[in-house]
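Novice: Quick one: the structure is below, questions incoming.
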Amino acid sequence: MGEWLSQPVNWVYLVVGVLTLVSAFRVVTSQNVVHAALFLVAALGGVAVNFILLSAEFVALVVVLVYIGAVIVLFLFGIMITRAPTGLDVALDNDKKLPAALISLVVFAVLSYATVTTFGNAELVEIGTATDTASLARAFIGRFVVPFEVVGFILLAALVGGIAIARRDLTPLEEESRRSV
Amino acid sequence: MDGIDVLIAALRVVGVFALVLLATIINVWAERKIVADFQNRLGPMRAGPYGILQTLADAFKLMFKEAVIPRNVERLVYHAAPFLAVVPALLIAMNIPWGRPFTIGEREILLQGADLNVGLLFILACSSMAVYAVVLAGWSSGSKYPLLGGIRGTAQAISYEAAMGLALVSVVMFSATYPGAEGGTLSLAEIVERQAGTWGGIVPRWNIIPLIPAFVIFFIAAIAETNRAPFDLVEAEQELTGGYFTEYSGIRWAMFFLAEYINIFSMSALTATLFLGGWNGPTWDGVLPAWISAILPTVWLFLKTYVLVFIFFWIRATLPRFRYDQLMQLGWKRLIPGAVLWLILSTVVIGFRQFGAPWS
């Protein structure tokens with residue numbers, strides 16, 4: 001433990017980890033939906049910092065770009081065009097807290113168990129050396145090309161499905177009015 | 001990494017900061033003068049020669065102005081939003097190589113805040129974070145016009161970010177074709193270095209020549225990302241009484257303004273870096289004194305940047321604002337399909353030239 005604490009990287013990890021956990025907790029306990037989204041930003045930012053500590057700059061920036069820069073922005077957009085309360089929103093709280101907490105605990109336990117049994121004490125790359133983006137790309141296009149393509153295909157299917165569900169055929173009257181614009 | 005290295009790193013960061021602020025002071029004045037010229041009037045003339053001190057006067061005025069805070073704002077977010085606007089803008093500027101690295105003694109000094117090996121991705125990430133300022137300022141003001149501005153800003157940023165990112169992929173792929181290069185690069189310093197030299201001794205090896213569709217798409221998306229006319233629906237004065245910063249005043253309002261001008265400058269510099277060869281240009285090493293050869297690359301970059309900054313102002317003075325549906329049409333039905341098409345085309349051509357035909 002003393003040795004673990006003597007490395008400054010671990011101190012950063014400790015602080016960032018605690019902040020990430022606190023923000024993640026506040027995401028579900030916050031009484032204001034916009035604040036919850038902002039805490040989610042903080043939690044994801046903490047995850048990105050952890051990736052940087054693991055020398056995975058590319059993954060860290062992809063987390064920032066995709067999740068913070070696009071997904072949460074879409075969340076906020078959705079919140080703003082439906083309702084955007086300033087102040088507290090009591091309806092956000094409900095009485096199913098206990099089952100939710102239980103389920104998340106179980107998921108956490110399963111994931112931790114899987115991670116520990118799979119990787120155990122495996123050594124990562126040396127801390128401080130950046131992972132080459134090219135080697136990541138080689139892994140994607142080389143060894144993991146089939147899962148990569150499958151994930152891409154599933155995402156495309158989800159996209160098409162989303163459009164098919166959200167799309168509403170126009171009535172003849174609406175079509176008429178649209179054409180006249 | 002000793003004391004002097006830390007000092008150099010600190011100086012680099014402070015230097016970029018100072019450069020960007022100085023450029024902003026000049027750009028605000030330049031915009032007023034250029035737009036005035038387009039509209040056949042004089043623009044600021046009183047403060048200093050040709051009114052060049054006007055921006056400083058305005059800045060001091062805004063600093064000492066009372067900052068009115070409406071009663072209905074969400075305090076914390078309302079105060080944080082102006083900072084969220086300025087910080088990503090500065091981070092983008094930190095990543096741009098402002099000149100050729102030079103050596104003093106045994107130390108190589110980069111004229112860049114930091115050279116990340118994923119620099120391009122970092123810039124995209126920062127530019128996508130800039131929208132938080134707009135949406136949070138709009139929401140936290142607790143008032144209708146800013147909220148509408150915030151919503152418009154989010155939709156616009158999401159629409160144009162995709163086109164911007166897709167346009168940049170071909171730049172990264174094309175950097176792999178430089179003689180002796182092993183694969184593409186995301187580092188801005190290397191992208192610049194790979195635009196050195198000429199084709200056939202005459203045409204400079206700039207990315208704009210083979211990649212002009214990507215340049216056009218990127219530049220249009222950059223104008224949209226900086227919320228400049230004709231994409232300034234976010235802050236449309238006539239429709240939204242100013243948009244997301246309606247409820248801000250004094251120095252907080254000035255910070256949004258500052259972020260916008262920093263973004264204009266750093267986006268122009270980024271475009272120059274990615275497509276116009278960055279600091280590449282004739283330096284006549286050995287003919288001219290060494291210090292002139294060391295400064296010349298920075299001069300070339302500034303010339304290219306200011307051509308683009310002028311285009312920003314030119315477009316602002318010439319084009320009327322888009323309607324909202326036109327904005328969405330241009331983003332989703334023209335730019336993104338165009339960018340995807342160009343991506344496929346350039347992938348095929350670059351792959352063909354790098355690896356030959358698949359059947360051979």
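Naming scheme: A, B, ... for chains in displayed order of the structure tokens; residues 1 onward per chain; ligands 1 onward as shown.
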Give me the residues within 9 Å of A:Leu61 as a count of residues only, counting only C-alpha atoms and dropping any in the same chain fewer than 2 places off.
Specialist: 15
Novice: Can you pull out every residue within 12 Å of B:Ala23, counting only C-alpha atoms, but drop anything in the same chain fewer than 3 positions away, and send it as a PyMOL selection string?
Specialist: chain B and resi 16-20+26-31+55+93+258+261-266+268-269+302+305-306+309
Novice: Atoms to include: C-alpha atoms. Write the selected residues as an mmCIF file, in the first residue's frame.
Specialist:
data_model
loop_
_atom_site.group_PDB
_atom_site.id
_atom_site.type_symbol
_atom_site.label_atom_id
_atom_site.label_comp_id
_atom_site.auth_asym_id
_atom_site.auth_seq_id
_atom_site.Cartn_x
_atom_site.Cartn_y
_atom_site.Cartn_z
ATOM 1 C CA VAL B 16 0.095 31.056 -27.239
ATOM 2 C CA PHE B 17 -2.326 32.611 -24.739
ATOM 3 C CA ALA B 18 -0.866 36.080 -25.308
ATOM 4 C CA LEU B 19 -0.795 35.600 -29.065
ATOM 5 C CA VAL B 20 -4.444 34.592 -29.177
ATOM 6 C CA ILE B 26 -6.777 43.078 -33.740
ATOM 7 C CA ASN B 27 -9.475 40.857 -35.243
ATOM 8 C CA VAL B 28 -12.352 42.671 -33.570
ATOM 9 C CA TRP B 29 -11.028 45.946 -34.932
ATOM 10 C CA ALA B 30 -10.310 44.385 -38.343
ATOM 11 C CA GLU B 31 -13.821 43.020 -38.605
ATOM 12 C CA THR B 55 -11.209 47.270 -28.991
ATOM 13 C CA ALA B 93 -5.200 27.321 -30.151
ATOM 14 C CA LEU B 258 -13.879 36.714 -26.785
ATOM 15 C CA TYR B 261 -13.161 35.661 -31.906
ATOM 16 C CA ILE B 262 -10.609 33.204 -30.545
ATOM 17 C CA ASN B 263 -12.517 30.506 -32.401
ATOM 18 C CA ILE B 264 -12.467 32.470 -35.656
ATOM 19 C CA PHE B 265 -8.729 32.932 -35.358
ATOM 20 C CA SER B 266 -7.869 29.393 -34.288
ATOM 21 C CA SER B 268 -8.577 29.853 -39.576
ATOM 22 C CA ALA B 269 -5.147 28.849 -38.318
ATOM 23 C CA PHE B 302 -0.039 34.266 -40.249
ATOM 24 C CA THR B 305 -4.477 32.537 -41.477
ATOM 25 C CA TYR B 306 -5.372 36.132 -42.176
ATOM 26 C CA VAL B 309 -9.945 35.361 -41.367
#
Novice: Please, which residues of stretch 25-127 of chain A, numbered as in this document, come out alpha helix (DSSP H) from DSSP, as a PyMOL selection string?
Specialist: chain A and resi 25-29+33-53+57-62+72-82+97-119
Novice: Between B:Gly15, B:Pro70, B:Gly138, B:Gly113, single out the one closest to chain A, counting only C-alpha atoms.
Specialist: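 Using only C-alpha atoms, chain A sits closest to B:Gly138.
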Novice: Would you list which chain B residues are within 8 Å of chain A using only C-alpha atoms, as a list in words?
Specialist: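 Filtering chain B at 8 Å from chain A with only C-alpha atoms gives Val73, Glu74, Val118, Leu121, Phe122, Leu124, Ala125, Cys126, Ser128, Met129, Val131, Tyr132, Val135, Trp139, Ser140, Gly142, Leu147, Ile151, Thr154, Ala155, Ile158 and Gly183 of chain B.
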Novice: What does the distance between atom CA of B:Ile109 and atom CA of B:Pro204 come to in Å, to one decimal place?
Specialist: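 Straight-line distance from atom CA of B:Ile109 to atom CA of B:Pro204 works out to 25.7 Å.
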Novice: What lies within 12 Å of A:Ser104 using only C-alpha atoms, ignoring chain neighbours under 6 positions off, as a PDB file with N, CA and C atoms, in the first residue's frame?
Specialist:
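Result file follows (part-v3.pdb):
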ATOM      1  N   ALA A  24     -21.083  10.013 -10.604  1.00  0.00           N
ATOM      2  CA  ALA A  24     -21.962   8.955 -11.099  1.00  0.00           C
ATOM      3  C   ALA A  24     -23.136   8.743 -10.142  1.00  0.00           C
ATOM      4  N   PHE A  25     -22.844   8.848  -8.838  1.00  0.00           N
ATOM      5  CA  PHE A  25     -23.910   8.707  -7.855  1.00  0.00           C
ATOM      6  C   PHE A  25     -24.901   9.859  -7.965  1.00  0.00           C
ATOM      7  N   VAL A  28     -27.817   9.776 -10.575  1.00  0.00           N
ATOM      8  CA  VAL A  28     -29.101   9.133 -10.275  1.00  0.00           C
ATOM      9  C   VAL A  28     -29.823   9.780  -9.104  1.00  0.00           C
ATOM     10  N   LYS A  97     -36.273   2.936  -5.780  1.00  0.00           N
ATOM     11  CA  LYS A  97     -34.849   3.138  -5.553  1.00  0.00           C
ATOM     12  C   LYS A  97     -34.148   1.844  -5.165  1.00  0.00           C
ATOM     13  N   LEU A  98     -34.789   1.110  -4.260  1.00  0.00           N
ATOM     14  CA  LEU A  98     -34.122  -0.066  -3.686  1.00  0.00           C
ATOM     15  C   LEU A  98     -33.837  -1.143  -4.736  1.00  0.00           C
ATOM     16  N   VAL A 110     -20.834  -8.533 -10.985  1.00  0.00           N
ATOM     17  CA  VAL A 110     -20.549  -9.408 -12.126  1.00  0.00           C
ATOM     18  C   VAL A 110     -19.392  -8.856 -12.949  1.00  0.00           C
ATOM     19  N   LEU A 111     -19.459  -7.543 -13.243  1.00  0.00           N
ATOM     20  CA  LEU A 111     -18.411  -6.935 -14.076  1.00  0.00           C
ATOM     21  C   LEU A 111     -17.051  -7.007 -13.382  1.00  0.00           C
TER      22      LEU A 111
END
